[in-house]
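Text of the file final_27.txt, holding compact mmCIF, C-alpha atoms (C1' of nucleotides):
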# COMPACT_ATOMS: atom_id res chain seq x y z
CA MET A 58 -24.72 85.39 46.08
CA LEU A 59 -24.61 84.96 42.34
CA SER A 60 -22.77 81.88 41.09
CA ASN A 61 -19.46 82.28 39.33
CA ALA A 62 -21.23 81.22 36.17
CA CYS A 63 -23.74 84.04 36.46
CA GLN A 64 -21.09 86.62 37.26
CA TYR A 65 -19.13 85.61 34.18
CA ALA A 66 -22.31 85.68 32.10
CA ILE A 67 -23.25 89.18 33.20
CA ARG A 68 -19.76 90.53 32.67
CA SER A 69 -19.47 88.99 29.22
CA ILE A 70 -22.80 90.37 28.10
CA LEU A 71 -21.84 93.81 29.32
CA TYR A 72 -18.54 93.40 27.50
CA LEU A 73 -20.33 92.46 24.30
CA SER A 74 -22.72 95.34 24.76
CA ILE A 75 -19.79 97.73 24.81
CA HIS A 76 -17.55 96.20 22.17
CA SER A 77 -19.73 94.30 19.69
CA ASN A 78 -22.58 94.89 17.28
CA GLU A 79 -24.21 93.26 14.25
CA THR A 80 -21.14 93.89 12.13
CA LYS A 81 -18.50 93.31 14.79
CA LYS A 82 -18.52 89.87 16.34
CA ILE A 83 -16.13 88.71 19.03
CA GLY A 84 -14.84 85.20 19.69
CA VAL A 85 -14.83 83.44 23.04
CA LYS A 86 -11.07 83.52 23.18
CA VAL A 87 -11.00 87.30 23.13
CA ILE A 88 -13.83 87.71 25.63
CA ALA A 89 -12.34 85.20 28.05
CA ASP A 90 -8.97 86.85 27.74
CA GLU A 91 -10.31 90.34 28.29
CA LEU A 92 -12.45 89.39 31.26
CA GLU A 93 -9.91 86.93 32.63
CA THR A 94 -12.36 84.07 32.89
CA PRO A 95 -11.80 80.38 32.11
CA GLN A 96 -12.29 80.06 28.37
CA PRO A 97 -14.10 76.72 27.94
CA PHE A 98 -16.41 77.50 30.84
CA LEU A 99 -17.32 80.84 29.32
CA ALA A 100 -17.95 79.17 25.98
CA LYS A 101 -20.51 76.92 27.60
CA LEU A 102 -22.19 79.85 29.26
CA LEU A 103 -22.37 81.85 26.05
CA GLN A 104 -24.02 78.89 24.40
CA GLN A 105 -26.64 78.78 27.10
CA LEU A 106 -27.21 82.48 26.67
CA ALA A 107 -27.40 82.09 22.89
CA LYS A 108 -30.03 79.39 23.23
CA LYS A 109 -32.19 81.77 25.23
CA LYS A 110 -31.53 84.58 22.73
CA LEU A 111 -29.72 86.74 25.23
CA VAL A 112 -26.70 86.90 22.95
CA SER A 113 -26.45 86.39 19.20
CA SER A 114 -23.82 84.32 17.44
CA ILE A 115 -22.55 83.34 14.03
CA LYS A 116 -20.44 80.27 13.32
CA GLY A 117 -17.57 79.97 10.93
CA PRO A 118 -14.58 82.16 10.13
CA HIS A 119 -15.00 85.73 11.32
CA GLY A 120 -17.95 84.52 13.32
CA GLY A 121 -18.36 85.12 17.02
CA PHE A 122 -20.73 86.51 19.60
CA TYR A 123 -22.43 89.88 19.52
CA LEU A 124 -25.41 91.78 20.84
CA THR A 125 -28.19 93.07 18.63
CA LYS A 126 -30.33 96.10 19.50
CA LYS A 127 -32.91 93.68 20.76
CA ASN A 128 -30.39 91.77 22.88
CA ASN A 129 -29.46 95.09 24.43
CA GLU A 130 -33.00 95.63 25.63
CA ASN A 131 -32.86 92.63 27.93
CA SER A 132 -32.18 93.03 31.63
CA LEU A 133 -29.60 91.66 34.04
CA TRP A 134 -32.49 89.76 35.58
CA ASP A 135 -32.94 87.85 32.33
CA ILE A 136 -29.34 86.70 32.60
CA VAL A 137 -29.73 85.66 36.22
CA THR A 138 -32.88 83.75 35.35
CA CYS A 139 -31.10 82.02 32.48
CA ILE A 140 -28.01 80.93 34.41
CA ASP A 141 -28.87 80.67 38.11
CA GLY A 142 -32.65 80.61 38.15
CA THR A 143 -34.61 82.72 40.61
CA ASP A 144 -34.86 80.45 43.67
CA LYS A 145 -32.13 82.27 45.50
CA PHE A 146 -34.14 85.47 45.31
CA ASP A 147 -37.60 84.04 45.76
CA ASN A 148 -36.86 81.93 48.79
CA CYS A 149 -36.79 82.89 52.44
CA PHE A 150 -33.40 83.99 53.70
CA LEU A 151 -33.51 81.33 56.40
CA GLY A 152 -34.85 78.68 54.05
CA LEU A 153 -38.38 78.51 55.41
CA ALA A 154 -41.10 77.40 53.03
CA THR A 155 -43.78 79.34 54.86
CA CYS A 156 -42.11 82.73 55.23
CA ASP A 157 -44.04 85.75 53.98
CA ASP A 158 -45.33 89.12 55.21
CA LYS A 159 -48.08 87.44 57.22
CA ASN A 160 -45.79 84.78 58.71
CA PRO A 161 -42.37 86.33 58.64
CA CYS A 162 -39.15 84.69 59.72
CA PRO A 163 -37.02 86.70 62.15
CA VAL A 164 -35.04 88.42 59.41
CA HIS A 165 -37.87 88.79 56.92
CA PHE A 166 -38.37 92.53 57.30
CA ILE A 167 -34.67 93.18 57.20
CA VAL A 168 -34.09 91.23 54.03
CA VAL A 169 -37.19 91.71 51.92
CA PRO A 170 -36.87 95.44 51.16
CA PHE A 171 -33.33 94.92 50.00
CA LYS A 172 -34.20 92.00 47.81
CA GLN A 173 -37.11 93.96 46.39
CA LYS A 174 -34.97 96.91 45.44
CA LEU A 175 -32.27 94.75 43.96
CA LEU A 176 -34.78 92.81 41.95
CA ASN A 177 -36.42 95.97 40.62
CA ASP A 178 -33.13 97.47 39.56
CA PHE A 179 -32.08 94.26 37.89
CA ARG A 180 -35.39 93.80 36.16
CA ASP A 181 -36.16 97.34 35.06
CA LYS A 182 -32.80 98.52 33.79
CA THR A 183 -31.80 97.34 30.33
CA ILE A 184 -28.35 96.17 29.35
CA ALA A 185 -28.17 99.25 27.13
CA GLN A 186 -28.77 101.51 30.11
CA PHE A 187 -26.04 99.81 32.10
CA THR A 188 -23.69 100.13 29.17
CA LYS A 189 -24.37 103.84 28.85
CA GLU A 190 -23.51 104.27 32.48
CA ILE A 191 -20.41 102.14 32.13
CA THR A 192 -19.00 104.22 29.30
CA LEU A 193 -20.08 107.58 30.72
CA SER A 194 -19.01 107.04 34.32
CA GLY A 195 -16.12 104.66 33.89
CA ARG A 196 -17.40 101.48 35.46
CA VAL A 197 -15.12 98.47 35.70
CA ILE A 198 -15.92 94.99 34.39
CA SER A 199 -12.44 93.48 34.39
CA LEU A 200 -9.00 93.85 35.83
CA LYS A 201 -7.89 95.23 32.48
CA ASP A 202 -10.43 98.04 32.75
CA PHE A 203 -9.10 98.80 36.17
CA ASN A 204 -5.53 99.02 34.96
CA ALA A 205 -6.59 101.12 31.98
CA LEU A 206 -8.24 103.64 34.28
CA LYS A 207 -5.06 103.98 36.28
CA ASP A 208 -3.04 105.06 33.23
CA MET B 167 -27.43 83.50 49.67
CA LEU B 168 -26.68 81.82 52.97
CA SER B 169 -25.76 78.15 52.76
CA ASN B 170 -28.18 75.56 54.06
CA ALA B 171 -25.73 74.95 56.85
CA CYS B 172 -25.85 78.56 57.94
CA GLN B 173 -29.62 78.74 57.74
CA TYR B 174 -29.91 75.66 59.96
CA ALA B 175 -27.36 77.11 62.36
CA ILE B 176 -29.19 80.41 62.72
CA ARG B 177 -32.54 78.75 63.20
CA SER B 178 -31.23 76.33 65.79
CA ILE B 179 -29.57 79.08 67.78
CA LEU B 180 -32.76 81.10 67.74
CA TYR B 181 -34.60 77.96 68.79
CA LEU B 182 -32.21 77.42 71.68
CA SER B 183 -32.48 81.05 72.63
CA ILE B 184 -36.22 80.67 73.01
CA HIS B 185 -36.42 77.23 74.57
CA SER B 186 -33.22 76.58 76.50
CA ASN B 187 -31.20 78.04 79.36
CA GLU B 188 -28.48 77.00 81.82
CA THR B 189 -30.84 74.59 83.55
CA LYS B 190 -32.73 73.37 80.52
CA LYS B 191 -30.63 71.69 77.86
CA ILE B 192 -31.99 70.31 74.61
CA GLY B 193 -30.66 67.37 72.58
CA VAL B 194 -29.95 67.41 68.86
CA LYS B 195 -32.74 64.98 68.21
CA VAL B 196 -35.35 67.37 69.58
CA ILE B 197 -33.94 70.42 67.83
CA ALA B 198 -33.67 68.65 64.48
CA ASP B 199 -37.17 67.34 64.87
CA GLU B 200 -38.64 70.71 65.79
CA LEU B 201 -36.87 72.59 63.02
CA GLU B 202 -37.26 69.76 60.53
CA THR B 203 -33.60 69.64 59.62
CA PRO B 204 -31.40 66.59 58.95
CA GLN B 205 -30.27 65.39 62.35
CA PRO B 206 -26.65 64.31 61.78
CA PHE B 207 -25.94 67.41 59.75
CA LEU B 208 -27.31 69.63 62.49
CA ALA B 209 -25.22 67.77 65.06
CA LYS B 210 -22.09 68.62 63.13
CA LEU B 211 -23.09 72.25 62.89
CA LEU B 212 -23.85 72.52 66.58
CA GLN B 213 -20.41 71.14 67.31
CA GLN B 214 -18.82 73.80 65.15
CA LEU B 215 -20.85 76.44 66.95
CA ALA B 216 -19.92 74.97 70.34
CA LYS B 217 -16.23 75.10 69.47
CA LYS B 218 -16.57 78.82 68.76
CA LYS B 219 -18.57 79.31 71.97
CA LEU B 220 -21.71 80.38 70.16
CA VAL B 221 -23.67 77.65 71.90
CA SER B 222 -22.96 75.79 75.11
CA SER B 223 -23.22 72.06 75.62
CA ILE B 224 -22.99 69.33 78.24
CA LYS B 225 -22.39 65.70 77.45
CA GLY B 226 -23.93 62.71 79.14
CA PRO B 227 -27.45 61.85 80.22
CA HIS B 228 -29.70 64.89 80.50
CA GLY B 229 -27.05 66.80 78.66
CA GLY B 230 -27.65 68.76 75.52
CA PHE B 231 -27.26 72.18 73.97
CA TYR B 232 -28.27 75.48 75.51
CA LEU B 233 -27.58 79.20 75.38
CA THR B 234 -26.11 81.12 78.27
CA LYS B 235 -26.73 84.83 78.86
CA LYS B 236 -23.41 85.45 77.20
CA ASN B 237 -24.26 83.26 74.20
CA ASN B 238 -27.40 85.34 73.81
CA GLU B 239 -25.36 88.50 73.41
CA ASN B 240 -23.79 87.27 70.20
CA SER B 241 -25.08 88.38 66.83
CA LEU B 242 -26.36 86.62 63.75
CA TRP B 243 -23.23 87.86 62.07
CA ASP B 244 -21.13 85.78 64.46
CA ILE B 245 -23.02 82.71 63.28
CA VAL B 246 -22.57 83.57 59.63
CA THR B 247 -18.87 84.15 60.20
CA CYS B 248 -18.55 80.81 61.97
CA ILE B 249 -20.36 78.71 59.36
CA ASP B 250 -20.11 80.43 55.97
CA GLY B 251 -17.33 82.95 56.46
CA THR B 252 -17.71 86.50 55.22
CA ASP B 253 -16.46 86.28 51.63
CA LYS B 254 -19.92 86.27 50.19
CA PHE B 255 -20.59 89.64 51.80
CA ASP B 256 -17.18 91.20 51.39
CA ASN B 257 -16.73 90.42 47.74
CA CYS B 258 -17.93 92.28 44.69
CA PHE B 259 -21.31 91.17 43.42
CA LEU B 260 -19.83 90.46 40.00
CA GLY B 261 -16.74 88.80 41.43
CA LEU B 262 -14.25 91.56 40.63
CA ALA B 263 -11.20 91.83 42.83
CA THR B 264 -10.84 95.55 42.19
CA CYS B 265 -14.37 96.76 42.83
CA ASP B 266 -14.81 99.57 45.33
CA ASP B 267 -16.32 103.06 45.58
CA LYS B 268 -13.48 104.51 43.51
CA ASN B 269 -13.56 101.78 40.86
CA PRO B 270 -17.09 100.47 40.97
CA CYS B 271 -18.48 97.61 38.94
CA PRO B 272 -21.72 98.35 37.09
CA VAL B 273 -23.92 97.16 39.95
CA HIS B 274 -21.76 98.43 42.79
CA PHE B 275 -23.95 101.34 43.84
CA ILE B 276 -27.07 99.23 43.62
CA VAL B 277 -25.73 96.45 45.78
CA VAL B 278 -23.49 98.10 48.34
CA PRO B 279 -26.10 100.07 50.31
CA PHE B 280 -28.17 96.97 50.73
CA LYS B 281 -25.28 94.85 51.80
CA GLN B 282 -24.26 97.54 54.25
CA LYS B 283 -27.66 97.69 55.86
CA LEU B 284 -27.96 93.94 56.05
CA LEU B 285 -24.53 93.66 57.58
CA ASN B 286 -25.28 96.33 60.18
CA ASP B 287 -28.52 94.70 61.21
CA PHE B 288 -26.88 91.32 61.45
CA ARG B 289 -23.92 92.64 63.39
CA ASP B 290 -25.57 95.06 65.78
CA LYS B 291 -28.63 93.12 66.87
CA THR B 292 -28.08 90.46 69.51
CA ILE B 293 -29.63 87.02 69.50
CA ALA B 294 -31.52 88.11 72.62
CA GLN B 295 -33.03 91.04 70.74
CA PHE B 296 -34.15 88.80 67.93
CA THR B 297 -35.65 86.38 70.40
CA LYS B 298 -37.60 89.14 72.11
CA GLU B 299 -39.05 90.13 68.77
CA ILE B 300 -39.80 86.53 67.90
CA THR B 301 -41.81 85.92 71.03
CA LEU B 302 -43.51 89.33 71.06
CA SER B 303 -44.43 89.53 67.40
CA GLY B 304 -44.86 85.88 66.52
CA ARG B 305 -42.02 85.24 64.12
CA VAL B 306 -41.69 81.84 62.53
CA ILE B 307 -38.58 79.65 62.63
CA SER B 308 -40.09 76.33 61.60
CA LEU B 309 -43.04 74.76 59.89
CA LYS B 310 -44.29 73.72 63.33
CA ASP B 311 -44.38 77.34 64.44
CA PHE B 312 -46.34 78.16 61.36
CA ASN B 313 -48.90 75.48 62.03
CA ALA B 314 -49.13 76.49 65.68
CA LEU B 315 -49.94 80.07 64.68
CA LYS B 316 -52.76 78.86 62.51
CA ASP B 317 -54.51 77.10 65.43
C1' DC C 235 -14.59 72.62 -3.34
C1' DT C 236 -11.46 72.33 0.09
C1' DC C 237 -9.80 74.25 4.32
C1' DA C 238 -9.75 76.44 8.56
C1' DA C 239 -12.05 79.29 12.01
C1' DA C 240 -15.39 79.65 14.68
C1' DA C 241 -19.73 78.12 17.47
C1' DC C 242 -21.98 74.06 19.27
C1' DA C 243 -22.43 69.58 21.80
C1' DT C 244 -21.14 66.13 24.93
C1' DA C 245 -18.91 64.13 28.43
C1' DA C 246 -15.20 63.56 31.69
C1' DC C 247 -13.03 65.32 35.83
C1' DA C 248 -12.43 68.19 40.22
C1' DA C 249 -13.94 70.76 44.15
C1' DT C 250 -17.24 72.10 47.21
C1' DT C 251 -21.28 71.41 49.87
C1' DG C 252 -24.71 68.64 51.84
C1' DT C 253 -25.90 64.26 53.96
C1' DC C 254 -25.39 59.97 56.41
C1' DA C 255 -23.03 56.30 59.25
C1' DT C 256 -20.05 54.67 62.77
C1' DA C 257 -17.28 54.84 66.59
C1' DT C 258 -15.50 57.31 70.84
C1' DT C 259 -15.80 60.08 74.98
C1' DT C 260 -18.09 62.09 78.80
C1' DT C 261 -21.15 61.94 82.66
C1' DA C 262 -25.48 61.49 85.41
C1' DA C 263 -28.28 57.94 87.44
C1' DT C 264 -28.71 53.53 89.46
C1' DA D 41 -18.77 50.37 89.21
C1' DT D 42 -22.02 49.80 85.48
C1' DT D 43 -24.94 51.44 82.37
C1' DA D 44 -27.09 54.37 79.20
C1' DA D 45 -27.77 58.97 77.25
C1' DA D 46 -25.89 62.37 75.37
C1' DA D 47 -22.10 65.20 72.76
C1' DT D 48 -17.97 64.68 69.92
C1' DA D 49 -15.00 63.00 66.16
C1' DT D 50 -14.08 60.95 61.90
C1' DG D 51 -14.90 59.44 57.58
C1' DA D 52 -17.75 57.77 53.68
C1' DC D 53 -21.08 58.93 50.23
C1' DA D 54 -24.07 61.91 47.14
C1' DA D 55 -25.26 66.07 44.73
C1' DT D 56 -24.18 70.26 42.87
C1' DT D 57 -21.15 73.45 40.75
C1' DG D 58 -17.06 74.66 38.44
C1' DT D 59 -13.65 73.33 35.09
C1' DT D 60 -11.42 71.04 31.30
C1' DA D 61 -11.18 68.09 27.18
C1' DT D 62 -12.68 66.21 22.87
C1' DG D 63 -15.26 65.93 18.98
C1' DT D 64 -18.98 67.82 15.50
C1' DT D 65 -21.16 71.25 12.66
C1' DT D 66 -21.42 75.45 10.21
C1' DT D 67 -19.64 78.73 7.02
C1' DG D 68 -16.67 82.32 4.96
C1' DA D 69 -12.34 82.64 2.22
C1' DG D 70 -9.12 81.21 -1.12

Please lay out the structure from this file as structure tokens.
Amino acid sequence: MLSNACQYAIRSILYLSIHSNETKKIGVKVIADELETPQPFLAKLLQQLAKKKLVSSIKGPHGGFYLTKKNNENSLWDIVTCIDGTDKFDNCFLGLATCDDKNPCPVHFIVVPFKQKLLNDFRDKTIAQFTKEITLSGRVISLKDFNALKD
Amino acid sequence: MLSNACQYAIRSILYLSIHSNETKKIGVKVIADELETPQPFLAKLLQQLAKKKLVSSIKGPHGGFYLTKKNNENSLWDIVTCIDGTDKFDNCFLGLATCDDKNPCPVHFIVVPFKQKLLNDFRDKTIAQFTKEITLSGRVISLKDFNALKD
DNA sequence: CTCAAAACATAACAATTGTCATATTTTAAT
DNA sequence: ATTAAAATATGACAATTGTTATGTTTTGAG
């Protein structure tokens, strides 16, 4: 559904939301290690996200990536838009150019409500809100989290 | 979400369900033309589907592809399984190996109900049932259908 | 002011998916 | 029997996505 790239991007932003702030930056190496994602690939993604102001970054020694208050007010949808684009969600499930409520494809009314709900949740909920839920209810964003919960 | 291949496959099976039967076979050329899909690619797909008995076929002059009664009792899910496999639907939305109800990722409870419903609809409804709905309620499976409805 | 740690940029490589081309086999019609 | 229309099989090519590698720029610390 989402590309690997986008999954990594979402997880790393959630990770930064939990563990970083203006005074505590985190390097790619650490993030990639914690989330168990390929390091150079993640670096590229974080740069894309930085360009679109979805994450903040500082170069040089003790530099790294972090999320500002403002960054935390973005949505998962912003990340998806930045990495994957929205075609996957806009387009007809069977690939028809003409499919809509008036001229539905055979699965239109099965798929559309789901997509709508998903899109709303992704668009309306901020990163900060997700993070709150993650810390309060023990959500998992990496294998390490999973193992930590087991202890 | 679904691959192009799978979208073509579903549409061509629905097309065959509407327009073919044991005594009326249809060649790839016609199907590809009607659905406006690349012909050689569709041929390959139909062969995959034939191997898994999701469509029937006869070689030689006046041969072609068609759906038997039995073929019509299959589900869309059978097609998805045959062409794309089920990973996309089984796996965690964020790509985590450990994600489940007990150890949910941050979007788990947003995504799972939807996936469940989609999966049920795709698995429980037969091709025949879809076809009935298509003919009764004027569903669209190609641009040609769309234009026909406008007339 | 030099050095090293980090992000940033670019490009090479690999794997998957989508597409096209060519040849072979089957079979109905003549 | 021969022929031609179809499916079937195989492989080549292109495009996208995922991954890795290499080099450049920025900047804090000594």

Which residues are close to Leu242 (chain B), i.e. within 8 Å by all atoms listed in the file, leaving aside same-chain residues fewer than 5 positions away? Reply as a list of chain:residue names.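 Neighbouring residues, sequence-local ones excluded: B:Ile176, B:Phe288, B:Arg289, B:Lys291, B:Thr292, B:Ile293.
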
Requested write-out: C-alpha atoms of the selected residues, as a compact mmCIF listing (two decimals), keeping the file's coordinate frame:
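Resulting contents of out02.txt:
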# COMPACT_ATOMS: atom_id res chain seq x y z
CA ILE B 176 -29.19 80.41 62.72
CA PHE B 288 -26.88 91.32 61.45
CA ARG B 289 -23.92 92.64 63.39
CA LYS B 291 -28.63 93.12 66.87
CA THR B 292 -28.08 90.46 69.51
CA ILE B 293 -29.63 87.02 69.50

Please provide as a VMD selection string all residues within 12 Å of DA257 (chain C), with the sequence filter that same-chain residues fewer than 2 positions apart are discarded (counting only C-alpha atoms (C1' of nucleotides)). (chain C and resid 255 259) or (chain D and resid 48 to 51)

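Here CA of Leu182 (chain B) and CA of Lys159 (chain A) stand 23.7 Å from one another.
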
Quick check: residues of chain D within 9 Å of chain B, only C-alpha atoms (C1' of nucleotides), returned as a list in words. DA44, DA45, DA46, DA47 and DT48 of chain D

If the cut-off is 10 Å, can you tell me the residues of chain A near chain B, counting only C-alpha atoms? I'd like them as number ranges by chain. A: 58-61, 63-68, 71, 92, 133, 145-146, 148-157, 159-165, 167-168, 170-172, 174-175, 178-179, 187-188, 190-191, 194-200, 202-204, 206-207

Just to confirm, what's the straight-line distance from CA of Lys126 (chain A) to CA of Ala185 (chain A) in Å (one decimal)?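 Separation between CA of Lys126 (chain A) and CA of Ala185 (chain A): 8.5 Å.
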
Which residues, written as a PDB file with C-alpha atoms, in the frame of the given file, have at least one atom at most 10 Å from Thr80 (chain A), with all atoms listed in the file counted and residues fewer than 5 positions away on the same chain left out?
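Writing done, so here's out04.pdb:
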ATOM      1  CA  GLY A 120     -17.950  84.520  13.320  1.00  0.00           C
ATOM      2  CA  TYR A 123     -22.430  89.880  19.520  1.00  0.00           C
ATOM      3  CA  LEU A 124     -25.410  91.780  20.840  1.00  0.00           C
ATOM      4  CA  THR A 125     -28.190  93.070  18.630  1.00  0.00           C
TER       5      THR A 125
END

To one decimal place in Å, what is the distance between CA of Leu215 (chain B) and CA of Cys248 (chain B)? 7.0 Å

Sort by chain and increasing residue number a table of all residues of chain C within 8 Å of chain B, each with its closest pair of atoms and their distance in Å to one decimal, counting only C-alpha atoms (C1' of nucleotides), and write it as a tab-separated table.
residue	atom	partner	partner_atom	distance
C:DT253	C1'	B:Phe207	CA	6.6
C:DC254	C1'	B:Pro206	CA	7.0
C:DT260	C1'	B:Lys225	CA	5.8
C:DT261	C1'	B:Gly226	CA	4.6
C:DA262	C1'	B:Pro227	CA	5.6

Got a sec to check which residues sit within 12 Å of (-18.5, 74.9, 46.4), counting only C-alpha atoms (C1' of nucleotides), and write them as a PyMOL selection string? (chain A and resi 60-61) or (chain B and resi 169+250) or (chain C and resi 248-252) or (chain D and resi 55-58)

Of the listed residues A:Ile136, A:Gln105, A:Ser113, A:Thr143, that which approaches DA243 (chain C) most closely, counting only C-alpha atoms (C1' of nucleotides): A:Gln105

Smallest atom-to-atom distance to Asn286 (chain B): which of B:Ser241, B:Lys310, B:Glu200, B:Thr247, using only C-alpha atoms?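 Ranked by minimum distance to Asn286 (chain B), first place goes to B:Ser241.
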
Under the rule that all atoms listed in the file are counted, which of B:Ile184, B:Val196, B:Leu285, B:Ala314 is the nearest residue to Lys298 (chain B)? B:Ile184
